Structure formats: structure tokens, C-alpha cells
Amino acid sequence: MTAGAVLGSAPLGAAAAVIGGAGVPWTPDEAAYPLTADPARKYGFFSQAEAAFVEAAVARIVPADALGPGAVEAGVPIFIDRQLAGEFGQATRWYMKGPWAKGEKTQGYQSRYTPAQMYRTAIKVIDEAVGRAANTSFAKLKGEDQDAFLGRLETGDAQFADVDAKAFFTLFLQNVMEGFFCDPIHGGNRGMVGWKLIGFPGARYDHRDYVLQYGKPYPLPPVSIAGRPGWSA
Amino acid sequence: MGGARAILAAVALGALASGAVSQAPAPAPPATNAALVEQGRYLAILGDCASCHTRPGGQPYAGGLPLTTPFGAIYSANITPDKDTGIGSWSEADFYRAMHEGRDDQNHHLYPAMPYPYYTRVPRAEVDAIRAYLLSVKPVGYTPPANTLPFPLNIRWGLTFWNWLYLKEGDFRPAARRSAQWNRGAYIVQGPGHCGACHTPKTLAMGDKGDDALRGGVIDNWFAPDLSGERRGGLGSWSAADIVEFLKTGRNARSSASGSMSLVVQVSTAKMTDADLSAVAVYLKSLPAAKAANPASPRTAVMTAGRAIYIDECSACHTMNGVGATRFFPPLAGNANVQSSDPTTLDHFILTGTQTAATEARPTALSMPAFAWKLTNAQVAAVATYIRNSWGNAASPVSADTVGKLRGKVAAHPLRKPPGRV
Amino acid sequence: MTQVLPKVDVLLIGFGWTGAILAQELTDAGLGVLALERGQWRDTPIDFATTFAQDELRYYWRKELFERPAHDTLTIRNTLAETALPMRDLGSFLPGSGVGGAGIHWNGQVWRYLPSDLVAKSHNLARYGKAAIPPDMTIQDYGVTYDELEPYYDKFEYLCGVSGKAGNINGAIQPGGDPFEGPRTRDYPNPPLDMPYGPTLYGQAAAALGLHPFPHPAANMSRPYTNPLGAQLGPCTYCGFCEKFGCGNYSKASPQTTILPVLLRKPNFVLKTDSEVLKINLAADGKTATGVTYIDAAGREFEQPADLVILSAYILHNVRLLLLSGIGKPYDPVSGTGVIGKNYAYQITSSVNVFYQDKILNPFIGAGALGVITNDYNGDNFDHSGLGFIGGGYIGVLQTGARPIETHPTPDGTPKWGAAWKKAVAANYLRTSTIATHGAVMSHRGNYLDLDPTYRDVYGRPLLRMTFDYTDNEHRMSGYLTEQAARVGRAMGAREIKVNKRVGSWDVVPYQTTHNTGGAIMGTDPKSSALNKYLQSWDVANLFVMGATAFPQQAGYNPTGTVAALAFHAAEAIKTQYLKDPGKPLVQA
């Protein structure tokens, strides 16, 4: 018999793995487990002013209302903070070499800013613009004024020298959706409120009993990768 | 991410060099009888020598695999023909003495992790054949790590007393009243197959409790199940054909070979002849049932939590009703492993995951993922208790404390790396 | 310092579907096979176990199983007049990386091309005349016919345990199947999956309109399945994390679930991961590959000699390696000469959302290829006279699992955020079904691949440059398909529909399909193709190039079935013809 098992950890940059002749390698309790958010996490990326902007803005994107909690209650600001502090914020996976050009709109993201830099720059210029126009910060505007301002970012009507407002808004809106609907292990969708709003049952792996139940409400509660309250006696 | 990725080089790349389509042949063995070597090769399969004497990533028979005992780790020896680190310089008599009396070439005691209390049933001619075969494999210069036994257990002469208690030296003696097939099965099970080394409960000194032979035992953080005719935790509901299929392919309609049995099937039983497997099955089916336990009832709140975890985490493979998918994902309803008097194996499966045997007949090693990183001790206990007491199953509830102790032990296993959770 | 390694019989560059197929076939023939994979080792219990695989953010939005643009990307532009810029993040397509390649995160949609798709040029000329093919439409016949490929389509379907219903067995039309498909010798190995409510409603409406709905052929198991190699695939649980995800319970066909358990037991096979091929090396005559140069993750460079080299990476990398290695004449879009990079094509998609007021559809229940399809408007299954385009596509409801970050449809007129958005999402999520159209893309003189003059990868090599846009043919065809989809949508008895036409130029951002094709196409003439019918390079006889790279244009179907059939067809030719006289062309130019 030729033994086949995983030998030791090979961090990125180590020599190639060579496999063959001994079957498929396997080691107990070894897998690409997720990095889970610490529920007690505070802001690690945003400054106080930035956090104020993000909290105010996400509350306009998904407001708390009669239908249920909104993005703030779902922990979206902390989710975004955590994302920007990590690989996503640093654009670790993206091709970030120049030369840089604006490009056609079909050529996608062409900013030299990483998402973290994009947030930092955009929030600064937005608050400066609000300061010039209304002598206050975005977070202190009235709700309808905040909506109007976000609307101008969305359409591209708002123009800034240092940052593409529309590109920022597109990124921001996407991150809010992520934070509202992601698995709670990432720090957003707290209490699975995003899933409860729409009826998504979460990180389940077996719907066989319900495929042919045409028109019937799904009976099981949502579950996170980290579980649900019913798991404890 | 915790995923460690490096995999051993199991095949020398040179083997793929142009024209060479298989591994380079081992250096020519000493002049020997080819038929004797072939006989020895099969006996080494019956004896499952390679399972223990090959460490993950190591060369066959070069040793170094740790067996954890309640006292510490014992590492298997290098039994390749290497003169310095293996058994290349051992005489026939040295080898026979090791197999029959548990002493090495220097006349030092071997620890009974080496199952010489079973190998002693193997007659001289067969022992010589095994030696002839081992001398034909590739010599590997490798010295296994030192054992981690504390004083006084590291003093080997203490084993004289152990052997006096537990070693009943001598060849297998067939039972006259029984068929040749039964006797062949009994020989394999009691002799080279050394099934009782795991499946027989142990005394505090790790000797076999002879009166309870094959009624299940804890070894290396697994509970090797009862092989008697007991209906819940034993083989009472298995037919002889079920046993043969299990040992040959690694699965049958009732269970899958996993945990440490996975390797036994891959290395040993899957390569046995059908006649020998049938003989083993006939012998095992003749074992009387142990007295069934009368388990306590689980708490309702625990069963409710266990059911919630089961539905969310287990049903994708084992199905909501516990029947699984025959020969793919084992049924939990009626499963002997999950209803064993001792829940160690079920808890171990849940904590570290497990992989079924990959065999010629069933090459896919279907795997169960680990839950240690996502379930608390109480949650593991709840779902284990639910599995042990649903769909007609009945077995004692599992406590969070039991799970916690096992978690500590499997985490401390010398082969394991730190958990990948961040 | 480049270390020279011992020569191997066969070297595979890239280890996804085609690499695994070739390795399995050629090790069976007794050859020693080495596969070099640039990415990491991946397997079910390690990388996508049921305990954490269902993580939409991590796997789709953070793209953990996909190619990393930081390591390797391409530049893109719509026209020759534009400056190509790097695809900085993935979007429109999602190539894989690591063992199994995109075969891990694909949907399991297994199609055969129509017999007429494989002879698209001669078929359309014969039926519609010269005028039907505009001067800049550079379509060609494949050089291999459906009848030649049929045994290999069959082989792949049985390898993968496809769940489906035959529509044509040896010429006899089968009720409940696709009546338009080419004749097959036997039914699929597994019955169709259970069909959820949304696709069922589509099928009922389509049938009432006289169309021919049938279950999508799916490499998602409708029951436990043991394939001809003995590999075991579990039953699909409709978890809805299939498309863009790895399958945690062995129920989606992948190299891991269908081939690797057997292949990795063989002593004459070795896989090296984290080993990226930099170029294919040629002998001084330029007509023989001597092996490759590759670099491992530690930055060590090796020269690996081989008798036979098989390029089995993703199509974009296949084409780039050919260009970087100086194999074949690069294509020039101005003169229309040269072959490497020629006839890059893709897929054109659109959709129609169908919103019900009261019907609960539970759209999160799903599998990658779970759905009801109509092929009435695919290929040349309908009369194109007067329509102004050739080709077509399939239309249907595929319920792949409505993961909520990606899928929360809202009716026309709904804002993208705020209280009104929230209300619309809450009201519609469980009650919306989506009809998809999946159309062909014909090849065009100006759509091609070459090396970018400006941007470089981590090793300093030029990135591939893609110049691509949809032409009038695609817009007309997709518009027509979308109208047909809307017609069925309106017949489904819903409150309202929303039509999402594909308009304007191809955009790299929204996900469309990972069905990039062409660039080193197969054919019968070395002047107009890079490969012969066995995927053997016309220029370098001991080099074979796998994948959709060989497609002269893209049909209205997902490519994997044809990619695999061509791979099996090539493997058979290598085993039965090439090895008798290695290093010789199998087809005389």
C-alpha cells in the first residue's frame, strides 16, 4: 500500500503539491473553514465621521420600517467596515496595475482606488460637498435631503474631482445588499433579518421534501452557517 | 483559511519518465522462493501489517505511525529490509520470536501495540513466508520517533508481567466440532487478522478482557463496535453476505467503513479472497449476542435541539428519516456504530469528520465533514443523542462532558494540526 | 536556474474537465501522464463541504473558487478603435482555477449541439443562400459531424450521470423529451430531476402555446449514481448553491466526483498543483513540442520535457499560451489572415421576470441545471427566412436557487433602494420566476484574441487582449428570443412581467456566461483553422489543444457537453491512431 494523506500545511508560496497513485488525500478536521466575524466587533476601518456617513446612508438604502429592521439594525455598517479592512477592501484579488484610463462604460471598474481607498476618498468629498452646500455633514441632513443627495450619486449628476461618484455609489449599493443578505457569520444580516424579510431559509443543504410542494409556504426557519437559536437545548 | 494544502509525493516522478508506466521495480530481493514471497504477501494482507507500519506520507512498511494509548503514543517500527533501521539484519528466528513472543532481535520486549498475542496463532511456516515477503519490499532507511510513554511504562521489562497475564503463546488450534470454513474464519479473526486488538474491550493494562472477546472496545479515540450478534450495537442484523460486502467494498446496505476501519478495509480486507471473507463472516455470525443494554431515556429538550441540528446539518446526506442513500451515505436508522454502548465513534465522526474506505469496487472515498469548528460540545451531544434515539434507535444519551473530553483528545492527537478556525 | 526534469510520456497543461478526461483515457492506454495545474488542490470535504459551502458572499461575490485577476486576467475592448483595458475584477464570465477548474462551479448543464450546429456554414448556405451570411460573419463548419461525436456525447453523459429525458432515440421521437435534438443511441442514465413550481408553470404555458417543453439535461443526480468508472455520486438535494458553487454532497458531476477517485489510484498518473506553465517549448524545427517551462508557487522554474503535450487549460489561457509560445500564425483582423486568436465568440443572454400575486414558488430551491426548456427557437429548429439573422437559443426557466444578494427581482418602476424597494423585494421574492434566453454568437471578422501591447501579468508576460462585441445578428436574434420568452411569460398567468432585453455593446461587468469560445479553432484546412478534427495542432503534431478553444462559433447551448465529447474523440484518436506512429499528423493538410 502506498499511504496517501496530507502531510503538512503549505502556506501560499510553498512548493507545489504532488498527488497521485495513492488515492484522494484526506485529513480529519481539515478544511477551508470560513473566517467568522466577532459579534463584539467595533469599527476598525472607519473613522467616527466615516461611520456616521455610512450609518446614515445605509439607513436610507434599507430603512427600518413596518416591514422590519433595516440595514443599520442588520449590522451593515460593521459588515462594510470589516470588508474594507480585509482582502476585499485591499482589492487583493483584483488586477491593480497601471496604466490607468477612464475607459468605456463597458470596460468595468477602472479606478486606481481600492474599495477601501474609494470609500475613504468618496466620503471625504461628499461631506465636503454637503458642507459647502448646507454647512453640515451628510449624516446630519434630513432624510429626504439625504435621499436626494444619494440619488444624484446614483445617476452621476453629482461630480467630484477626485472620485467617480457613480462608481462609488454602485460599489456602496452592492455592499449594502451584501451586508443585508449575507450569512450572519460575516457580521451583516444580524438575526437573519434580511432573510426573514423575504423568506429565504438560509444556509440549508436539503430541500428535497419541498420541491413538489407547489404553492406551499416553506416550513423551516432560516439558519446561518453558524446555526440558529433552536440548536441549543 | 485553515486549508492546508501540501500533499505528499506518493509516486516518484521518475516513474512517469518516458516508457516507464509503473513504479520502478524494487531492487532485486535476496534469492528467495517466489511462491513463498507471494504466500507472504497475502499473509501480510491478512495481517494488515501495512496499516500500522506505514505513516501518512511515508514509504510502505517504514513505520512511524503513532498509536495513541491512554498512556502515550507508541510508534510503529520500520519493518522494511533496511539493515540499520529496519529488520534486514533479523534472522528467521528473530522474526518468529517477535511474532510469537513479542521480543525484538535484541530480545527486548515489544509493546503489545504490536499484536503478537494474535500473531502467535500463526504457524512457523506462515511466519517465515511473511518474513520472506517483507525482505522483498523496498528497504527504507527511517527511524520512527521515540515513544512518548511515561515512567515506568517506558521500562520494557515490565512487559514480562503483562505477557504473563495476556499472552497465550501458541499456534491456532482448530475446533473439531466446527466446519473447515468456520475454523478458517476463526483463524483469521483470532490470528493474523487480529480483530480483537480493536474490537475486544481492554483491561486497565490494555490487555484483552478475554471473556468479552470481540464485544467492542475503545482504542485510539475510536470505539471499535461489538462484532457479536447483539442486535443494536453488534452484527445481529447483518447477514453473512452483508459482512463480506462490507469487508470487500467498504460499504453495504447497513453501514460504511470509516474511521480507523477505513484503512483496515483499504489495506487488508478488500484484498482478501472471497473465500476468506466468507469464512470470516461465518465465524463472526457464530458469535453469541452480548447482553443488550437498557439505555436511559434522553431529555426532550436535548432531543428537540438535536433534531434541529440534524435537519439543518445532517439530512443532506443521511436524509430526514435517517435512511441515507444505500451504499453511498450510510443509514443512521438501525446503524450499529451509532447505537454502540459507547458513543466515542459517533462523537469522533461528528467532531473530526470521516472518510469511507476507497476500494477497487468502490473507489470514491465519500467524506463526512468535521463539525468541531461549528458545534459546541452540548450541540454535538444533542445531535448524537438525537441520532442514537430516533427512527427506532435506542442508546444511552451523550453528555457534553464526554464530547468535551474527546474533543481535547482528538485535538491532541499527534497527527493533527491545530484547527483551521479563525 | 531552470531545473530540467525527467521526460514524461504525456504532459497536461491545466487540470479541469478536459485534463481529467485525457488523463483517465491515456493512463488507461498505459502512458505515464503528468498534469500541471497552476491552482491549488481542491476537493469536496476540504473546499466546499456542506458545513460551509452555502456562503453566497464568500463564493460568488468574493469569488473564492474562481480565477484571481491579480494573478492573471485579460484586457478587453469592444472594437479595434478602442484601447483595451484590464478586466480588473471578474464579471461577465468566471473562469475557474485549481484542480477541477470551472468544472467545480459549473451548473451541470449538459447539452449536445444540433447536427446542423456542427456544420453551421454549409447548412445555412444550403438552406438560406449566400445572402444569409454577411461578409464579415466568419462562421465555419467544425470539421467533425454529430454522428462522429455521438458516442462521445454518450460517454460523457454516462460519466456524469446526466438526469434527463431523451427526445430522439435512434430517430424515434420520445414523448416528454426534446424532439429537436440529434438522434441518440439511448436515454440518459438517470431520470429527470423533480421539477419545482416555477419551471412547471413555464412548461404548462409553453405547451399550451404549441411549444415543446422538456426537462433540462442535468449533471445533478436525480438519484444515487455509480458511473461506469465506479465513482459514486450522491442524490441532489436541491440546495440552491450549485451554480457558481462547489457541491458539498457529491451530487454534481465534476472531475472530483467522476474521475479523480479512480485516476488518483493509478501509479502512472501524477498531478502537480501550484505549477504554472509559462510556455510550450519547441524543437529547433518549430514543428515539435519538446515540453514546457513552468514555475511553482515558490518561484522555482522547471523545464519539463514530454513526448506529447496536451493544452487543457481554459480557452483564454490556451490561446494565450499558443501566442506566447509562437505556435501557429497569429490572426490579423485587418487582412483576415492567420488563425491563432481567430473567431472568438461568446453567448448572448436575456431574461423575462414573471411576477405572481399569490403563487409561492420558493425560488431558493434549486439545482444548477434544474428547469424546463424549449428548443423551438434554437439553432435552425425554426425557419429564419426574413428574420435577418441565423442561429438561435434555448428559452426556459432554470431554477438554480435564488440566493438573495444576487437575486431579489422587482417589477418595472421599482427604485433600486429605499422603502419602496424594500417593500417590493419583500412582496416579490417568493413569487417570481425568471425565463432565461441563451443565444448563439456567430463569429465575426473583428471579434478576436491577441496579446495586449501594454499590460503584463505577474510574470511579466503580456496579457491576452479580447476584442469583442455583439453584432447585428446577435441583437436581432436575442431580440427575437426575448419576444418569444415574453410571449410565454404573458401566458403563465402572472400579475405582470418585466422584459430584460440585452441592449448595447457587450459589457464586462454583469455576469452573463462563462462560455468563451474560439481562438484556436478546428477545421479541415490549416489556412482557416488551427486544429484538425482531432484537436491536433496543424503546426505542431505532438500538441493537442482541448476545450471550447476549438469552436468555430458558439451555438445556442452551454458548451461543456461538446467540449467533453471533443476531448473523448481526441483521446480515442490518440490511443488508436496517434500512438501507432507518434509525432505525425492524423490528418494530412
# chains A, B, ... in the order shown; residues from 1 in each chain; ligands from 1
$ closest_atom_pairs --of "range 181-240 of chain B" --to "range 154-160 of chain B" --cutoff "12 Å" --atoms "only C-alpha atoms" --output "Markdown table"
| residue | atom | partner | partner_atom | distance |
| --- | --- | --- | --- | --- |
| B:Ala205 | CA | B:Leu159 | CA | 10.3 |
| B:Met206 | CA | B:Leu159 | CA | 11.6 |
| B:Gly207 | CA | B:Leu159 | CA | 11.2 |
$ residues_around --residues "Val334 in chain C" --least-positions-apart "4" --cutoff "10 Å" --atoms "only C-alpha atoms" --output "list in words"
Leu80, Arg445 and Gly446 of chain C
$ write_last_selection --atoms "N, CA and C atoms" --output "CSV table (one decimal), in the first residue's frame"
chain,number,residue,atom,x,y,z
C,80,LEU,N,-11.8,47.5,-32.4
C,80,LEU,CA,-10.4,47.8,-32.8
C,80,LEU,C,-10.0,49.2,-32.5
C,445,ARG,N,-15.5,38.8,-38.2
C,445,ARG,CA,-14.1,39.2,-38.5
C,445,ARG,C,-13.4,40.0,-37.4
C,446,GLY,N,-14.1,40.9,-36.8
C,446,GLY,CA,-13.5,41.8,-35.8
C,446,GLY,C,-13.5,41.3,-34.4
$ residues_around --residues "Val302 in chain B" --least-positions-apart "3" --cutoff "6 Å" --atoms "only C-alpha atoms" --output "list in words"
Ala233 of chain A; Arg299, Ala305, Gly306 and Ala382 of chain B
$ select_by_dssp --residues "range 50-193 of chain A" --states "helix (DSSP H, G or I)" --output "MDAnalysis selection string"
chainID A and resid 50:61 76:85 105:107 115:134 138:140 143:155 165:181 184:186 190:193
$ atom_distance --atom1 "CA of Glu572 in chain C" --atom2 "CA of Ala313 in chain C"
19.6 Å
$ interface_residues --of "chain A" --to "chain C" --cutoff "6 Å" --atoms "only C-alpha atoms" --output "ChimeraX atom specification"
/A:13-23,31-32,60-62,93-95,106-108,177-178,181-182,197-198,203,205-208,211-212,214-215
$ atom_distance --atom1 "CA of Phe46 in chain A" --atom2 "CA of Pro63 in chain A"
21.1 Å
$ atom_distance --atom1 "CA of Ser528 in chain C" --atom2 "CA of Tyr394 in chain C"
29.2 Å
$ residues_around --residues "Asn500 in chain C" --least-positions-apart "2" --cutoff "12 Å" --atoms "only C-alpha atoms" --output "number ranges by chain"
C: 349-354, 409-412, 434-437, 478-479, 481-483, 485-486, 497-498, 502-503
$ residues_around --residues "range 168-175 of chain C" --least-positions-apart "4" --cutoff "10 Å" --atoms "only C-alpha atoms" --output "list in words"
Pro179, Phe180, Glu181, Gly182, Pro183, Arg184, Thr185, Arg186, Asp187, His212 and Phe214 of chain C
$ residues_around --residues "range 361-364 of chain B" --least-positions-apart "6" --cutoff "8 Å" --atoms "only C-alpha atoms" --output "JSON, numbers by chain"
{"B": [248, 249, 250], "C": [230, 231, 232, 257, 261, 262]}
$ write_last_selection --atoms "C-alpha atoms" --output "mmCIF file, in the first residue's frame"
data_model
loop_
_atom_site.group_PDB
_atom_site.id
_atom_site.type_symbol
_atom_site.label_atom_id
_atom_site.label_comp_id
_atom_site.auth_asym_id
_atom_site.auth_seq_id
_atom_site.Cartn_x
_atom_site.Cartn_y
_atom_site.Cartn_z
ATOM 1 C CA LYS B 248 -14.698 -6.336 0.350
ATOM 2 C CA THR B 249 -16.063 -2.977 -0.835
ATOM 3 C CA GLY B 250 -16.062 -0.778 2.265
ATOM 4 C CA GLY C 230 -17.212 3.038 -10.368
ATOM 5 C CA ALA C 231 -17.256 6.574 -8.949
ATOM 6 C CA GLN C 232 -20.244 7.327 -6.734
ATOM 7 C CA THR C 257 -16.748 13.304 -8.333
ATOM 8 C CA PRO C 261 -11.235 8.812 -7.294
ATOM 9 C CA VAL C 262 -10.181 6.328 -9.975
#
$ closest_residue --among "B:Pro115, B:Gly196, B:Pro295, B:Pro330" --to "chain C" --atoms "only C-alpha atoms"
B:Pro330
$ select_by_dssp --residues "range 273-320 of chain C" --states "strand (DSSP E or B)" --output "list in words"
Ser275, Glu276, Val277, Leu278, Lys279, Ile280, Asn281, Leu282, Ala289, Thr290, Gly291, Val292, Thr293, Tyr294, Ile295, Asp296, Glu301, Phe302, Glu303, Gln304, Pro305, Ala306, Asp307, Leu308, Val309, Ile310 and Leu311 of chain C
$ write_last_selection --atoms "N, CA and C atoms" --output "compact mmCIF listing (two decimals), in the first residue's frame"
# COMPACT_ATOMS: atom_id res chain seq x y z
N SER C 275 1.56 24.88 -10.12
CA SER C 275 2.62 24.80 -11.13
C SER C 275 2.10 25.42 -12.42
N GLU C 276 2.57 26.61 -12.72
CA GLU C 276 2.02 27.35 -13.85
C GLU C 276 2.97 27.29 -15.05
N VAL C 277 2.41 26.83 -16.16
CA VAL C 277 3.22 26.74 -17.38
C VAL C 277 3.40 28.13 -17.97
N LEU C 278 4.66 28.48 -18.22
CA LEU C 278 4.97 29.80 -18.80
C LEU C 278 4.96 29.74 -20.32
N LYS C 279 5.48 28.66 -20.88
CA LYS C 279 5.39 28.48 -22.31
C LYS C 279 5.63 27.04 -22.71
N ILE C 280 5.16 26.76 -23.92
CA ILE C 280 5.42 25.45 -24.52
C ILE C 280 6.72 25.60 -25.30
N ASN C 281 7.66 24.68 -25.07
CA ASN C 281 8.94 24.76 -25.77
C ASN C 281 8.90 23.96 -27.06
N LEU C 282 9.55 24.52 -28.07
CA LEU C 282 9.57 23.87 -29.39
C LEU C 282 10.99 23.46 -29.75
N ALA C 289 6.85 19.94 -30.21
CA ALA C 289 6.94 20.45 -28.84
C ALA C 289 7.86 19.54 -28.06
N THR C 290 8.79 20.15 -27.34
CA THR C 290 9.72 19.33 -26.55
C THR C 290 9.27 19.24 -25.09
N GLY C 291 8.32 20.04 -24.72
CA GLY C 291 7.85 20.06 -23.34
C GLY C 291 7.44 21.46 -22.97
N VAL C 292 7.51 21.77 -21.66
CA VAL C 292 7.11 23.10 -21.21
C VAL C 292 8.10 23.64 -20.21
N THR C 293 8.03 24.94 -20.00
CA THR C 293 8.70 25.57 -18.87
C THR C 293 7.61 25.99 -17.90
N TYR C 294 7.78 25.61 -16.62
CA TYR C 294 6.77 26.03 -15.64
C TYR C 294 7.44 26.55 -14.38
N ILE C 295 6.63 27.22 -13.59
CA ILE C 295 7.13 27.84 -12.36
C ILE C 295 6.21 27.41 -11.22
N ASP C 296 6.78 27.06 -10.09
CA ASP C 296 5.92 26.67 -8.97
C ASP C 296 5.67 27.87 -8.06
N GLU C 301 11.79 27.64 -11.22
CA GLU C 301 11.45 27.39 -12.62
C GLU C 301 11.95 26.00 -13.03
N PHE C 302 11.14 25.28 -13.78
CA PHE C 302 11.49 23.94 -14.22
C PHE C 302 11.25 23.80 -15.71
N GLU C 303 12.05 22.95 -16.33
CA GLU C 303 11.76 22.55 -17.70
C GLU C 303 11.29 21.10 -17.64
N GLN C 304 10.11 20.87 -18.15
CA GLN C 304 9.54 19.52 -18.11
C GLN C 304 9.43 18.98 -19.53
N PRO C 305 10.32 18.11 -19.95
CA PRO C 305 10.21 17.53 -21.29
C PRO C 305 9.06 16.51 -21.36
N ALA C 306 8.51 16.35 -22.54
CA ALA C 306 7.41 15.40 -22.74
C ALA C 306 7.35 14.99 -24.21
N ASP C 307 6.89 13.76 -24.43
CA ASP C 307 6.69 13.31 -25.81
C ASP C 307 5.44 13.92 -26.43
N LEU C 308 4.41 14.03 -25.62
CA LEU C 308 3.12 14.52 -26.11
C LEU C 308 2.64 15.61 -25.16
N VAL C 309 2.29 16.76 -25.72
CA VAL C 309 1.82 17.88 -24.88
C VAL C 309 0.35 18.13 -25.19
N ILE C 310 -0.44 18.23 -24.14
CA ILE C 310 -1.87 18.50 -24.31
C ILE C 310 -2.21 19.77 -23.54
N LEU C 311 -2.71 20.72 -24.29
CA LEU C 311 -3.09 22.02 -23.72
C LEU C 311 -4.54 21.89 -23.28
$ residues_around --residues "Ala520 in chain C" --least-positions-apart "5" --cutoff "7 Å" --atoms "only C-alpha atoms" --output "PyMOL selection string"
chain C and resi 319+339-342+529-531+549-550
$ write_last_selection --atoms "N, CA and C atoms" --output "PDB file, in the first residue's frame"
ATOM      1  N   VAL C 319      -5.308  29.882 -25.717  1.00  0.00           N
ATOM      2  CA  VAL C 319      -4.961  30.775 -26.829  1.00  0.00           C
ATOM      3  C   VAL C 319      -3.736  31.604 -26.467  1.00  0.00           C
ATOM      4  N   VAL C 339      -4.484  32.340 -37.876  1.00  0.00           N
ATOM      5  CA  VAL C 339      -5.507  31.504 -37.234  1.00  0.00           C
ATOM      6  C   VAL C 339      -5.550  31.605 -35.704  1.00  0.00           C
ATOM      7  N   ILE C 340      -4.433  31.923 -35.051  1.00  0.00           N
ATOM      8  CA  ILE C 340      -4.463  31.907 -33.578  1.00  0.00           C
ATOM      9  C   ILE C 340      -5.093  33.212 -33.078  1.00  0.00           C
ATOM     10  N   GLY C 341      -6.207  33.073 -32.393  1.00  0.00           N
ATOM     11  CA  GLY C 341      -6.967  34.230 -31.933  1.00  0.00           C
ATOM     12  C   GLY C 341      -8.230  34.472 -32.752  1.00  0.00           C
ATOM     13  N   LYS C 342      -8.326  33.760 -33.857  1.00  0.00           N
ATOM     14  CA  LYS C 342      -9.456  33.961 -34.786  1.00  0.00           C
ATOM     15  C   LYS C 342     -10.762  33.390 -34.222  1.00  0.00           C
ATOM     16  N   SER C 529      -7.963  27.235 -40.036  1.00  0.00           N
ATOM     17  CA  SER C 529      -8.163  26.675 -38.697  1.00  0.00           C
ATOM     18  C   SER C 529      -6.803  26.356 -38.080  1.00  0.00           C
ATOM     19  N   ALA C 530      -6.798  26.237 -36.752  1.00  0.00           N
ATOM     20  CA  ALA C 530      -5.554  25.960 -36.029  1.00  0.00           C
ATOM     21  C   ALA C 530      -5.393  24.476 -35.718  1.00  0.00           C
ATOM     22  N   LEU C 531      -6.526  23.771 -35.660  1.00  0.00           N
ATOM     23  CA  LEU C 531      -6.521  22.370 -35.226  1.00  0.00           C
ATOM     24  C   LEU C 531      -7.273  21.516 -36.236  1.00  0.00           C
ATOM     25  N   THR C 549     -11.973  26.340 -27.051  1.00  0.00           N
ATOM     26  CA  THR C 549     -10.994  26.978 -27.927  1.00  0.00           C
ATOM     27  C   THR C 549     -11.209  26.577 -29.384  1.00  0.00           C
ATOM     28  N   ALA C 550     -11.662  25.334 -29.574  1.00  0.00           N
ATOM     29  CA  ALA C 550     -11.773  24.765 -30.927  1.00  0.00           C
ATOM     30  C   ALA C 550     -13.062  25.152 -31.645  1.00  0.00           C
TER      31      ALA C 550
END
